>>> print(open('model-v4.cif').read())   # mmCIF, C-alpha atoms
data_run
#
loop_
_atom_site.label_atom_id
_atom_site.label_comp_id
_atom_site.auth_asym_id
_atom_site.auth_seq_id
_atom_site.Cartn_x
_atom_site.Cartn_y
_atom_site.Cartn_z
CA LEU N 154 98.28 39.70 101.67
CA LEU N 155 94.67 39.91 102.75
CA PHE N 156 92.25 40.53 99.90
CA LEU N 157 89.16 42.57 100.63
CA ALA N 158 86.07 40.87 99.28
CA GLY N 159 82.36 40.46 100.00
CA THR N 160 82.62 39.03 103.49
CA VAL N 161 85.68 39.65 105.57
CA SER N 162 87.37 38.32 108.65
CA CYS N 163 87.00 40.08 112.01
CA THR N 164 90.52 41.48 111.95
CA LEU N 165 90.09 42.92 108.49
CA PHE N 166 86.67 44.28 109.37
CA LEU N 167 88.10 46.20 112.33
CA ALA N 168 90.75 47.68 110.10
CA VAL N 169 88.27 49.16 107.64
CA ASN N 170 85.36 50.09 109.92
CA GLY N 171 87.02 53.04 111.64
CA LEU N 172 85.44 55.98 109.80
CA TYR N 173 83.33 57.06 112.80
CA SER N 174 83.38 56.23 116.50
CA ALA N 175 81.24 56.93 119.57
CA SER N 176 83.43 59.92 120.46
CA ASP N 177 82.44 61.76 117.25
CA ASP N 178 79.42 64.04 116.95
CA VAL N 179 78.35 61.94 113.95
CA ILE N 180 75.54 59.58 114.98
CA GLU N 181 76.04 56.02 113.69
CA LEU N 182 72.76 54.80 112.17
CA THR N 183 71.67 51.19 111.56
CA PRO N 184 68.46 49.41 110.52
CA THR N 185 67.76 48.95 114.24
CA ASN N 186 67.79 52.64 115.22
CA PHE N 187 67.13 54.48 111.93
CA ASN N 188 63.35 54.61 112.24
CA LYS N 189 63.41 55.89 115.83
CA GLU N 190 66.33 58.31 115.41
CA VAL N 191 65.56 59.77 111.96
CA ILE N 192 62.06 58.97 110.68
CA GLN N 193 60.24 59.69 113.96
CA SER N 194 62.40 62.71 114.76
CA GLU N 195 61.24 66.33 114.60
CA SER N 196 64.83 67.35 113.80
CA LEU N 197 66.40 68.01 110.43
CA TRP N 198 68.89 65.24 109.59
CA LEU N 199 71.85 65.05 107.22
CA VAL N 200 72.73 61.40 106.63
CA GLU N 201 75.78 60.07 104.81
CA PHE N 202 75.57 56.57 103.31
CA TYR N 203 79.15 55.31 103.04
CA ALA N 204 81.34 52.25 102.54
CA PRO N 205 84.49 51.94 104.69
CA TRP N 206 86.59 50.91 101.65
CA CYS N 207 85.51 53.90 99.52
CA GLY N 208 88.28 56.46 99.03
CA HIS N 209 85.86 59.38 98.51
CA CYS N 210 84.15 58.44 101.81
CA GLN N 211 87.47 58.34 103.64
CA ARG N 212 88.31 61.84 102.34
CA LEU N 213 84.87 63.13 103.36
CA THR N 214 85.12 61.75 106.92
CA PRO N 215 87.07 64.64 108.60
CA GLU N 216 84.82 67.23 106.89
CA TRP N 217 81.68 65.34 107.94
CA LYS N 218 82.92 65.22 111.54
CA LYS N 219 83.69 68.97 111.52
CA ALA N 220 80.23 69.74 110.14
CA ALA N 221 78.61 67.51 112.79
CA THR N 222 80.44 69.33 115.58
CA ALA N 223 79.53 72.75 114.17
CA LEU N 224 75.85 71.77 113.80
CA LYS N 225 75.56 70.06 117.20
CA GLY N 226 72.26 70.94 118.85
CA VAL N 227 71.01 72.55 115.63
CA VAL N 228 70.92 69.83 112.94
CA LYS N 229 71.48 66.10 113.45
CA VAL N 230 74.31 64.60 111.40
CA GLY N 231 74.40 60.81 110.93
CA ALA N 232 76.19 58.11 108.96
CA VAL N 233 75.14 54.68 107.70
CA ASP N 234 77.67 52.00 106.78
CA ALA N 235 75.68 51.02 103.69
CA ASP N 236 78.20 48.31 102.79
CA LYS N 237 77.37 46.54 106.05
CA HIS N 238 73.67 47.54 106.03
CA GLN N 239 72.84 47.08 102.33
CA SER N 240 69.10 46.84 103.01
CA LEU N 241 69.08 50.35 104.49
CA GLY N 242 71.08 51.75 101.59
CA GLY N 243 68.79 49.99 99.13
CA GLN N 244 65.73 51.38 100.91
CA TYR N 245 66.90 54.90 100.01
CA GLY N 246 68.12 54.08 96.51
CA VAL N 247 71.83 54.37 97.31
CA ARG N 248 73.79 53.33 94.20
CA GLY N 249 77.21 54.86 94.90
CA PHE N 250 79.31 56.10 97.79
CA PRO N 251 79.20 58.50 99.50
CA THR N 252 75.54 59.44 99.08
CA ILE N 253 74.23 62.24 101.31
CA LYS N 254 70.51 62.71 101.97
CA ILE N 255 68.62 65.45 103.79
CA PHE N 256 65.65 64.31 105.89
CA GLY N 257 63.58 67.44 106.44
CA ALA N 258 59.93 68.08 107.23
CA ASN N 259 58.64 65.05 105.32
CA LYS N 260 60.86 62.20 106.47
CA ASN N 261 59.41 59.88 103.82
CA LYS N 262 60.74 62.16 101.04
CA ALA N 263 64.48 62.53 101.60
CA GLU N 264 66.30 64.99 99.32
CA ASP N 265 69.65 64.31 97.68
CA TYR N 266 72.48 66.62 98.75
CA GLN N 267 74.34 67.79 95.64
CA GLY N 268 76.71 70.33 97.21
CA GLY N 269 80.42 70.39 97.89
CA ARG N 270 82.27 67.95 100.14
CA THR N 271 83.76 70.56 102.52
CA SER N 272 82.48 71.20 106.03
CA ASP N 273 81.62 74.80 105.05
CA ALA N 274 79.47 73.67 102.11
CA ILE N 275 77.75 70.98 104.21
CA VAL N 276 76.95 73.44 107.02
CA ASP N 277 75.62 76.02 104.54
CA ALA N 278 73.31 73.43 102.96
CA ALA N 279 72.11 72.27 106.40
CA LEU N 280 71.26 75.82 107.51
CA SER N 281 69.50 76.53 104.22
CA ALA N 282 67.38 73.36 104.61
CA LEU N 283 66.70 74.27 108.24
CA ARG N 284 65.52 77.74 107.23
CA SER N 285 63.10 76.18 104.71
CA LEU N 286 61.77 73.77 107.33
CA VAL N 287 61.16 76.56 109.88
CA LYS N 288 59.41 78.75 107.28
CA GLU N 289 57.18 75.83 106.31
CA ARG N 290 56.21 75.38 109.95
CA LEU N 291 55.55 79.11 110.25
CA SER N 292 53.17 78.98 107.30
CA GLY N 293 51.52 75.82 108.61
CA ARG N 294 52.65 73.71 105.64
CA SER N 295 54.87 71.30 107.56
CA GLY N 296 54.69 67.78 106.15
CA GLY N 297 56.57 66.15 109.00
CA TYR N 298 56.12 62.88 110.79
CA SER N 299 53.45 64.18 113.16
CA SER N 300 51.28 65.59 110.37
CA GLY N 301 51.56 62.28 108.51
CA LYS N 302 50.35 60.56 111.64
CA GLN N 303 47.30 62.84 111.84
CA SER N 304 46.32 62.23 108.23
CA ARG N 305 46.43 58.46 108.82
CA GLU N 306 44.24 58.78 111.88
CA SER N 307 41.77 60.89 109.94
CA GLY N 308 41.53 58.23 107.26
CA GLY N 309 43.80 59.89 104.68
CA GLY N 310 44.89 58.11 101.50
CA ASP N 311 48.13 56.74 102.99
CA LYS N 312 47.15 53.12 102.31
CA LYS N 313 47.08 53.68 98.54
CA ASP N 314 49.88 51.17 97.88
CA VAL N 315 48.52 48.42 100.15
CA ILE N 316 46.54 46.00 97.97
CA GLU N 317 43.31 44.85 99.63
CA LEU N 318 42.67 41.17 98.88
CA THR N 319 39.50 39.10 99.37
CA ASP N 320 38.39 35.48 99.13
CA ASP N 321 37.42 36.21 95.51
CA SER N 322 40.49 38.16 94.38
CA PHE N 323 43.29 36.39 96.25
CA ASP N 324 44.01 33.44 93.97
CA LYS N 325 43.98 35.30 90.66
CA ASN N 326 46.30 37.99 92.04
CA VAL N 327 48.70 35.98 94.18
CA LYS N 328 48.68 32.29 93.31
CA ASN N 329 50.56 32.28 89.99
CA SER N 330 52.11 35.72 90.24
CA ASP N 331 55.77 36.15 89.27
CA ASP N 332 55.97 38.85 91.95
CA VAL N 333 56.62 38.33 95.65
CA TRP N 334 53.66 39.06 97.95
CA MET N 335 53.78 39.99 101.63
CA VAL N 336 50.24 39.65 102.93
CA GLU N 337 48.99 40.90 106.30
CA PHE N 338 45.95 39.11 107.74
CA TYR N 339 44.27 41.51 110.18
CA ALA N 340 41.13 42.11 112.22
CA PRO N 341 39.70 45.67 112.35
CA TRP N 342 39.28 45.51 116.16
CA CYS N 343 42.85 44.35 116.82
CA GLY N 344 45.07 46.93 118.55
CA HIS N 345 48.34 45.44 117.24
CA CYS N 346 46.92 45.63 113.70
CA LYS N 347 46.09 49.32 114.19
CA ASN N 348 49.65 49.95 115.35
CA LEU N 349 51.02 48.10 112.33
CA GLU N 350 48.75 49.85 109.81
CA PRO N 351 50.76 53.09 109.30
CA GLU N 352 54.06 51.16 109.19
CA TRP N 353 52.65 48.69 106.65
CA ALA N 354 51.26 51.53 104.53
CA ALA N 355 54.51 53.51 104.52
CA ALA N 356 56.52 50.36 103.75
CA ALA N 357 54.17 49.49 100.88
CA THR N 358 54.87 52.80 99.15
CA GLU N 359 58.64 52.56 99.62
CA VAL N 360 58.81 48.90 98.56
CA LYS N 361 56.71 49.55 95.46
CA GLU N 362 59.14 52.29 94.42
CA GLN N 363 62.36 50.44 95.29
CA THR N 364 61.39 47.13 93.66
CA LYS N 365 59.46 48.60 90.70
CA GLY N 366 56.39 46.73 91.95
CA LYS N 367 58.10 43.31 92.01
CA VAL N 368 57.40 42.95 95.75
CA LYS N 369 53.83 43.76 96.75
CA LEU N 370 52.36 44.45 100.19
CA ALA N 371 48.74 43.43 100.67
CA ALA N 372 46.15 43.11 103.42
CA VAL N 373 43.28 40.71 104.09
CA ASP N 374 40.48 41.40 106.58
CA ALA N 375 40.43 37.91 108.08
CA THR N 376 37.12 38.54 109.89
CA VAL N 377 35.36 38.98 106.53
CA ASN N 378 37.42 36.65 104.31
CA GLN N 379 37.16 33.58 106.48
CA MET N 380 37.88 31.11 103.67
CA LEU N 381 41.41 32.55 103.30
CA ALA N 382 41.89 32.73 107.06
CA SER N 383 40.94 29.06 107.35
CA ARG N 384 43.07 27.96 104.36
CA TYR N 385 46.22 29.53 105.80
CA GLY N 386 45.53 28.62 109.43
CA ILE N 387 45.32 32.19 110.74
CA ARG N 388 44.99 32.01 114.53
CA GLY N 389 46.15 35.45 115.68
CA PHE N 390 46.35 39.01 114.41
CA PRO N 391 48.20 40.45 112.68
CA THR N 392 49.74 37.47 110.85
CA ILE N 393 52.01 38.23 107.90
CA LYS N 394 52.77 35.58 105.27
CA ILE N 395 55.14 35.64 102.30
CA PHE N 396 53.98 34.12 99.01
CA GLN N 397 56.37 33.24 96.17
CA LYS N 398 55.54 31.36 93.00
CA GLY N 399 56.13 27.63 93.26
CA GLU N 400 56.77 27.72 97.02
CA ASP N 401 54.66 27.15 100.12
CA PRO N 402 53.84 30.37 101.99
CA VAL N 403 56.11 31.17 104.92
CA ASP N 404 55.48 33.26 108.01
CA TYR N 405 57.15 36.66 108.33
CA ASP N 406 58.53 36.82 111.85
CA GLY N 407 60.56 40.03 111.66
CA GLY N 408 60.04 43.41 113.30
CA ARG N 409 56.90 45.49 112.83
CA THR N 410 58.50 48.85 111.91
CA ARG N 411 58.51 50.10 108.34
CA SER N 412 62.32 49.79 108.20
CA ASP N 413 62.12 46.12 109.30
CA ILE N 414 59.42 45.38 106.74
CA ILE N 415 61.24 47.22 103.95
CA ALA N 416 64.53 45.45 104.75
CA ARG N 417 62.87 42.02 104.46
CA ALA N 418 61.08 43.02 101.25
CA LEU N 419 64.36 44.15 99.68
CA ASP N 420 66.02 40.89 100.69
CA LEU N 421 63.20 39.00 98.99
CA PHE N 422 63.62 41.24 95.96
CA SER N 423 67.37 40.62 95.72
CA ASP N 424 66.79 36.87 96.04
CA ASN N 425 64.51 37.08 93.00
CA ALA N 426 66.34 39.86 91.16
CA PRO N 427 68.23 39.19 87.93
CA PRO N 428 72.01 38.74 88.21
CA PRO N 429 74.34 41.66 87.56
CA GLU N 430 75.01 42.59 83.94
CA LEU N 431 77.90 40.86 82.20
CA LEU N 432 79.57 43.58 80.12
CA GLU N 433 82.10 43.36 77.32
CA ILE N 434 85.06 45.74 77.75
CA ILE N 435 84.55 47.82 74.63
CA SER N 436 85.83 51.10 76.09
CA GLU N 437 87.72 52.57 79.01
CA ASP N 438 84.45 53.87 80.46
CA VAL N 439 82.99 50.34 80.77
CA LEU N 440 86.02 49.11 82.72
CA LYS N 441 86.40 52.19 84.93
CA SER N 442 82.72 52.65 85.79
CA THR N 443 82.28 48.96 86.64
CA CYS N 444 85.46 48.53 88.67
CA ASP N 445 85.16 51.86 90.51
CA ALA N 446 81.56 51.15 91.55
CA HIS N 447 82.08 47.66 92.98
CA GLN N 448 84.22 46.03 95.65
CA LEU N 449 85.57 43.59 93.10
CA CYS N 450 85.33 43.37 89.35
CA ILE N 451 85.62 39.90 87.86
CA ILE N 452 87.34 40.10 84.46
CA SER N 453 87.40 37.15 82.06
CA VAL N 454 89.58 36.98 78.96
CA LEU N 455 87.96 34.54 76.53
CA PRO N 456 89.66 32.83 73.57
CA HIS N 457 89.58 34.49 70.16
CA ILE N 458 86.30 33.92 68.34
CA LEU N 459 88.11 31.96 65.60
CA ASP N 460 89.26 29.47 68.24
CA THR N 461 85.83 28.80 69.75
CA GLY N 462 83.11 30.00 67.41
CA ALA N 463 79.91 31.52 68.77
CA SER N 464 78.75 28.34 70.55
CA GLY N 465 82.05 27.93 72.41
CA ARG N 466 82.11 31.56 73.49
CA ASN N 467 78.49 31.43 74.64
CA SER N 468 79.25 28.39 76.78
CA TYR N 469 81.96 30.41 78.59
CA LEU N 470 79.60 33.37 78.97
CA ASP N 471 76.94 31.02 80.38
CA VAL N 472 79.38 29.87 83.07
CA MET N 473 80.07 33.51 84.00
CA LEU N 474 76.36 34.33 84.10
CA LYS N 475 75.71 31.38 86.45
CA MET N 476 78.47 32.59 88.76
CA ALA N 477 77.16 36.17 88.62
CA GLU N 478 73.76 34.79 89.69
CA LYS N 479 75.29 32.73 92.50
CA TYR N 480 77.28 35.68 93.88
CA LYS N 481 74.85 38.48 93.03
CA LYS N 482 74.49 39.60 96.66
CA LYS N 483 78.22 40.38 96.78
CA MET N 484 77.72 43.52 94.65
CA TRP N 485 80.58 42.62 92.28
CA GLY N 486 81.00 43.82 88.70
CA TRP N 487 81.35 41.32 85.84
CA LEU N 488 83.34 41.98 82.65
CA TRP N 489 84.84 40.07 79.72
CA THR N 490 87.05 40.71 76.73
CA GLU N 491 88.50 38.71 73.85
CA ALA N 492 92.10 37.49 73.92
CA GLY N 493 94.32 40.11 72.31
CA ALA N 494 91.67 42.86 72.25
CA GLN N 495 93.05 44.46 75.43
CA SER N 496 96.61 43.13 75.49
CA ASP N 497 97.87 45.88 77.85
CA LEU N 498 95.17 44.93 80.37
CA GLU N 499 96.08 41.25 80.05
CA SER N 500 99.73 42.08 80.68
CA SER N 501 98.94 44.19 83.77
CA LEU N 502 96.93 41.27 85.22
CA GLY N 503 99.50 38.59 84.39
CA ILE N 504 97.05 36.86 82.02
CA GLY N 505 98.23 34.85 79.04
CA GLY N 506 100.72 32.51 80.65
CA PHE N 507 97.97 30.06 81.56
CA GLY N 508 96.28 30.26 78.19
CA TYR N 509 92.66 31.14 77.60
CA PRO N 510 90.05 31.45 78.98
CA ALA N 511 91.48 33.27 81.98
CA MET N 512 89.93 35.16 84.91
CA ALA N 513 91.14 37.84 87.32
CA ALA N 514 89.35 39.39 90.30
CA VAL N 515 90.45 43.00 90.69
CA ASN N 516 90.18 45.26 93.74
CA ALA N 517 90.37 48.63 91.97
CA ARG N 518 90.79 50.63 95.18
CA LYS N 519 93.90 48.70 96.21
CA MET N 520 94.94 47.99 92.61
CA LYS N 521 95.48 44.34 93.50
CA PHE N 522 94.26 41.26 91.70
CA ALA N 523 93.96 37.51 92.12
CA LEU N 524 94.11 35.03 89.26
CA LEU N 525 91.99 31.95 88.70
CA LYS N 526 94.44 29.06 88.81
CA GLY N 527 91.87 26.27 88.54
CA SER N 528 89.59 25.35 85.67
CA PHE N 529 87.32 27.88 83.94
CA SER N 530 84.23 25.93 85.00
CA GLU N 531 81.41 26.39 87.49
CA GLN N 532 83.29 24.32 90.06
CA GLY N 533 86.68 25.94 89.45
CA ILE N 534 85.36 29.51 89.45
CA ASN N 535 83.14 28.84 92.47
CA GLU N 536 86.14 27.64 94.50
CA PHE N 537 88.15 30.69 93.38
CA LEU N 538 85.41 33.19 94.30
CA ARG N 539 84.56 31.42 97.56
CA GLU N 540 88.18 31.77 98.69
CA LEU N 541 88.16 35.47 97.82
CA SER N 542 84.85 36.06 99.59
CA VAL N 543 86.37 34.93 102.90
CA GLY N 544 89.53 36.99 102.47
CA ARG N 545 91.82 34.19 101.29
CA GLY N 546 93.78 33.74 98.08
CA SER N 547 97.09 35.12 96.88
CA THR N 548 97.09 38.58 95.31
CA ALA N 549 99.51 40.70 93.33
CA PRO N 550 99.64 44.41 92.47
CA VAL N 551 98.22 45.45 89.11
CA GLY N 552 101.14 46.07 86.76
CA GLY N 553 102.04 49.76 86.73
CA GLY N 554 99.81 50.42 89.77
CA ALA N 555 96.86 51.52 87.61
CA PHE N 556 94.71 50.23 84.78
CA PRO N 557 96.51 50.60 81.43
CA LYS N 558 95.07 52.25 78.34
CA ILE N 559 91.90 50.52 77.18
CA HIS N 560 91.23 50.39 73.45
CA SER N 561 87.78 51.12 72.09
CA VAL N 562 86.57 48.08 70.15
CA GLU N 563 83.41 47.04 68.37
CA PRO N 564 81.18 44.85 70.53
CA TRP N 565 80.90 41.19 69.60
CA ASP N 566 78.03 40.69 67.14
CA GLY N 567 77.19 37.24 68.50
CA LYS N 568 78.35 35.48 65.32
CA ASP N 569 81.14 33.08 64.45
CA GLY N 570 84.33 34.88 63.47
CA GLU N 571 85.50 35.20 59.88
CA LEU N 572 89.04 34.97 58.63
CA PRO N 573 90.37 38.26 57.21
CA VAL N 574 89.53 38.60 53.51
CA GLU N 575 92.67 38.73 51.39
CA ASP N 576 92.81 41.20 48.51
CA ASP N 577 91.65 39.63 45.24
CA ILE N 578 94.22 39.76 42.43
CA ASP N 579 92.68 40.78 39.12
CA LEU N 580 94.23 38.48 36.47
CA SER N 581 92.07 39.66 33.58
CA ASP N 582 94.78 41.86 32.07
CA VAL N 583 97.59 39.32 32.43
CA ASP N 584 98.51 37.20 29.37
CA LEU N 585 99.13 33.85 30.96
CA ASP N 586 100.78 32.47 27.78
CA ASP N 587 103.36 35.30 27.79
CA LEU N 588 103.88 34.80 31.53
CA GLY N 589 104.77 31.19 30.89
CA LYS N 590 107.25 32.10 28.11
CA ASP N 591 109.06 34.54 30.35
CA GLU N 592 109.52 31.88 32.96
CA LEU N 593 110.97 29.41 30.49
#
>>> encode(input="model-v4.cif", output="structure tokens")
Amino acid sequence: LLFLAGTVSCTLFLAVNGLYSASDDVIELTPTNFNKEVIQSESLWLVEFYAPWCGHCQRLTPEWKKAATALKGVVKVGAVDADKHQSLGGQYGVRGFPTIKIFGANKNKAEDYQGGRTSDAIVDAALSALRSLVKERLSGRSGGYSSGKQSRESGGGDKKDVIELTDDSFDKNVKNSDDVWMVEFYAPWCGHCKNLEPEWAAAATEVKEQTKGKVKLAAVDATVNQMLASRYGIRGFPTIKIFQKGEDPVDYDGGRTRSDIIARALDLFSDNAPPPELLEIISEDVLKSTCDAHQLCIISVLPHILDTGASGRNSYLDVMLKMAEKYKKKMWGWLWTEAGAQSDLESSLGIGGFGYPAMAAVNARKMKFALLKGSFSEQGINEFLRELSVGRGSTAPVGGGAFPKIHSVEPWDGKDGELPVEDDIDLSDVDLDDLGKDEL
């Protein structure tokens, strides 16, 4: 059995990537064509961000195609495989699938679609948004791509999120910063720099929002700040360099559109982002929400606290956290529970026979799992997860075909366990001398 994981083989990829094809009226969007097709378009767009493995997306597909055909020539209907193009999904804050966004007059402010998942509901929402867009144009309030362009040319405040750096301010801002800096070195007379300026400005705003300010876009006028230009060997314009704490600066050699810049910034952010949360299974909601939202959920069953104490348990949790860090780009969920706390879950995953600690990787959409057969160590778990990530490893169906009942439990308090306190027997009223006589 093939096991769907983070990266997949070609044959498996073809099997799951068939939601839309060139013969549909749905326009397939990618980081390469998104800016040209959507952002620079005068049309109203409805865009679905989907994952091929997502059941809700698969059910939406025929309705989305019907809506696209009905709206042909009126409203553009597109789809992004956000599992394949995670940078594009991340750029628009996609956290679950499917996510539908409406790109109207102001393409930099997409609206979330909250309506029904039928073709009728989708078409109604599209026509309502189209009516609003036309009325805005009629009243002269259109905030579309072209008006944004005019405001930039007239010196509007679009560069508000680009940080201007100088010879004096560069070191104190960038040198020991925990944030990632993308710095453009430009010359005011340079035509390529002028072309880049609106893209850099728009990307700066989006990146600031998406990374909570952890990736910063800046600009240096290299004709004025010649000390910096000399230090970093700037020979042509624009030159973009990436600065990260403790590392030598590297040249950015990607595309010059806002989507290219944003994609690279989000990659830098994910490289520096904290690992996924490691959650204790204290309720059904924790298990369901984690496993439903991720391709795989990695579930560890750790020995009872009386068998390991706090230090032993924390050493196991540390191993899991290191693996979560190593595989954080896979978008997996990470869970743990104590032996015996969720015995039905253990049984459904075939855990217990190998002793504790144990680990299972569960594909909740297929209700299949794979068990760690090697050691519960960085090396053993890494080998296990590496096999899964390339589609190898033996799997079995989850017992009963669904997750069993999950018991609500108190979260671990971080302390060593205590043996149950036995009831004290009050001997104050017992005459021990009489008790001895009776026995004689």
>>> atom_distance(input="model-v4.cif", atom1="CA of Asn259 in chain N", atom2="CA of Gln193 in chain N")
10.3 Å
>>> resolve_selection(input="model-v4.cif", expression="the PyMOL selection byres ((chain N and resi 556-559) around 12)", output="ChimeraX atom specification")
/N:434-441,444-445,490,493-502,515-522,550-555,560-562
>>> residues_around(input="model-v4.cif", residues="Lys394 in chain N", least_positions_apart="4", cutoff="8 Å", atoms="all atoms listed in the file", output="list of chain:residue names")
N:Met335, N:Val336, N:Glu337, N:Pro402, N:Val403, N:Asp404, N:Tyr405
>>> write_last_selection(input="model-v4.cif", atoms="C-alpha atoms", output="compact mmCIF listing (two decimals), in the coordinates of the input")
# COMPACT_ATOMS: atom_id res chain seq x y z
CA MET N 335 53.78 39.99 101.63
CA VAL N 336 50.24 39.65 102.93
CA GLU N 337 48.99 40.90 106.30
CA PRO N 402 53.84 30.37 101.99
CA VAL N 403 56.11 31.17 104.92
CA ASP N 404 55.48 33.26 108.01
CA TYR N 405 57.15 36.66 108.33
>>> closest_atom_pairs(input="model-v4.cif", of="range 380-484 of chain N", to="range 341-359 of chain N", cutoff="8 Å", atoms="all atoms listed in the file", output="Markdown table")
| residue | atom | partner | partner_atom | distance |
| --- | --- | --- | --- | --- |
| N:Phe390 | CA | N:Cys346 | CA | 6.7 |
| N:Pro391 | CA | N:Cys346 | CA | 5.4 |
| N:Arg409 | CA | N:Leu349 | CA | 6.5 |
| N:Thr410 | CA | N:Glu352 | CA | 5.7 |
| N:Arg411 | CA | N:Glu352 | CA | 4.7 |
| N:Ser412 | CA | N:Ala356 | CA | 7.3 |
| N:Ile414 | CA | N:Ala356 | CA | 6.5 |
| N:Ile415 | CA | N:Ala356 | CA | 5.7 |
>>> write_last_selection(input="model-v4.cif", atoms="C-alpha atoms", output="mmCIF file, in the coordinates of the input")
data_model
loop_
_atom_site.group_PDB
_atom_site.id
_atom_site.type_symbol
_atom_site.label_atom_id
_atom_site.label_comp_id
_atom_site.auth_asym_id
_atom_site.auth_seq_id
_atom_site.Cartn_x
_atom_site.Cartn_y
_atom_site.Cartn_z
ATOM 1 C CA PHE N 390 46.350 39.010 114.410
ATOM 2 C CA PRO N 391 48.200 40.450 112.680
ATOM 3 C CA ARG N 409 56.900 45.490 112.830
ATOM 4 C CA THR N 410 58.500 48.850 111.910
ATOM 5 C CA ARG N 411 58.510 50.100 108.340
ATOM 6 C CA SER N 412 62.320 49.790 108.200
ATOM 7 C CA ILE N 414 59.420 45.380 106.740
ATOM 8 C CA ILE N 415 61.240 47.220 103.950
#
>>> resolve_selection(input="model-v4.cif", expression="the PyMOL selection byres ((chain N and resi 462) around 12)", output="list in words")
Leu455, Pro456, His457, Ile458, Leu459, Asp460, Thr461, Ala463, Ser464, Gly465, Arg466, Asn467, Ser468, Tyr469, Trp565, Asp566, Gly567, Lys568, Asp569, Gly570, Glu571 and Leu572 of chain N
>>> resolve_selection(input="model-v4.cif", expression="the PyMOL selection byres ((chain N and resi 256) around 8)", output="PyMOL selection string")
chain N and resi 191+197-200+254-255+257-264
>>> atom_distance(input="model-v4.cif", atom1="CA of Asp332 in chain N", atom2="CA of Val368 in chain N")
5.8 Å
>>> residues_near_point(input="model-v4.cif", point="(67.7, 34.4, 94.3)", cutoff="12 Å", atoms="all atoms listed in the file", output="number ranges by chain")
N: 333, 397, 419-429, 475, 477-482
>>> atom_distance(input="model-v4.cif", atom1="CA of Glu181 in chain N", atom2="CA of Gly231 in chain N")
5.8 Å
>>> closest_residue(input="model-v4.cif", among="N:Val472, N:Val327, N:Met512, N:Ile316", to="Glu400 in chain N", atoms="all atoms listed in the file")
N:Val327
>>> residues_around(input="model-v4.cif", residues="range 210-213 of chain N", least_positions_apart="5", cutoff="10 Å", atoms="only C-alpha atoms", output="ChimeraX atom specification")
/N:171-172,201-205,218,250-252,270-272
>>> closest_residue(input="model-v4.cif", among="N:Ala549, N:Val360, N:Ala513, N:Leu470", to="Ser530 in chain N", atoms="all atoms listed in the file")
N:Leu470
>>> residues_around(input="model-v4.cif", residues="Lys225 in chain N", least_positions_apart="6", cutoff="10 Å", atoms="all atoms listed in the file", output="PyMOL selection string")
chain N and resi 178-179+219
>>> closest_residue(input="model-v4.cif", among="N:Asp413, N:Leu488, N:Gly407, N:Ala523", to="Glu433 in chain N", atoms="all atoms listed in the file")
N:Leu488
>>> decode(input="model-v4.cif", residues="range 373-397 of chain N", atoms="C-alpha atoms", output="PDB file, in the first residue's frame")
ATOM      1  CA  VAL N 373      19.255  51.584   0.478  1.00  0.00           C
ATOM      2  CA  ASP N 374      19.994  54.445  -1.924  1.00  0.00           C
ATOM      3  CA  ALA N 375      23.454  53.225  -2.930  1.00  0.00           C
ATOM      4  CA  THR N 376      24.332  56.534  -4.627  1.00  0.00           C
ATOM      5  CA  VAL N 377      24.064  58.333  -1.267  1.00  0.00           C
ATOM      6  CA  ASN N 378      25.141  55.560   1.129  1.00  0.00           C
ATOM      7  CA  GLN N 379      28.387  54.687  -0.582  1.00  0.00           C
ATOM      8  CA  MET N 380      29.990  53.113   2.498  1.00  0.00           C
ATOM      9  CA  LEU N 381      27.338  50.346   2.470  1.00  0.00           C
ATOM     10  CA  ALA N 382      27.549  49.969  -1.304  1.00  0.00           C
ATOM     11  CA  SER N 383      31.315  49.518  -1.034  1.00  0.00           C
ATOM     12  CA  ARG N 384      31.117  47.135   1.958  1.00  0.00           C
ATOM     13  CA  TYR N 385      28.751  44.771   0.144  1.00  0.00           C
ATOM     14  CA  GLY N 386      30.366  45.085  -3.287  1.00  0.00           C
ATOM     15  CA  ILE N 387      27.342  46.585  -5.051  1.00  0.00           C
ATOM     16  CA  ARG N 388      28.190  46.830  -8.764  1.00  0.00           C
ATOM     17  CA  GLY N 389      24.764  47.012 -10.434  1.00  0.00           C
ATOM     18  CA  PHE N 390      21.233  48.120  -9.669  1.00  0.00           C
ATOM     19  CA  PRO N 391      18.986  46.921  -8.256  1.00  0.00           C
ATOM     20  CA  THR N 392      20.907  44.398  -6.125  1.00  0.00           C
ATOM     21  CA  ILE N 393      18.957  42.555  -3.431  1.00  0.00           C
ATOM     22  CA  LYS N 394      20.738  40.876  -0.514  1.00  0.00           C
ATOM     23  CA  ILE N 395      19.386  38.687   2.289  1.00  0.00           C
ATOM     24  CA  PHE N 396      20.723  39.214   5.813  1.00  0.00           C
ATOM     25  CA  GLN N 397      20.254  36.665   8.607  1.00  0.00           C
TER      26      GLN N 397
END
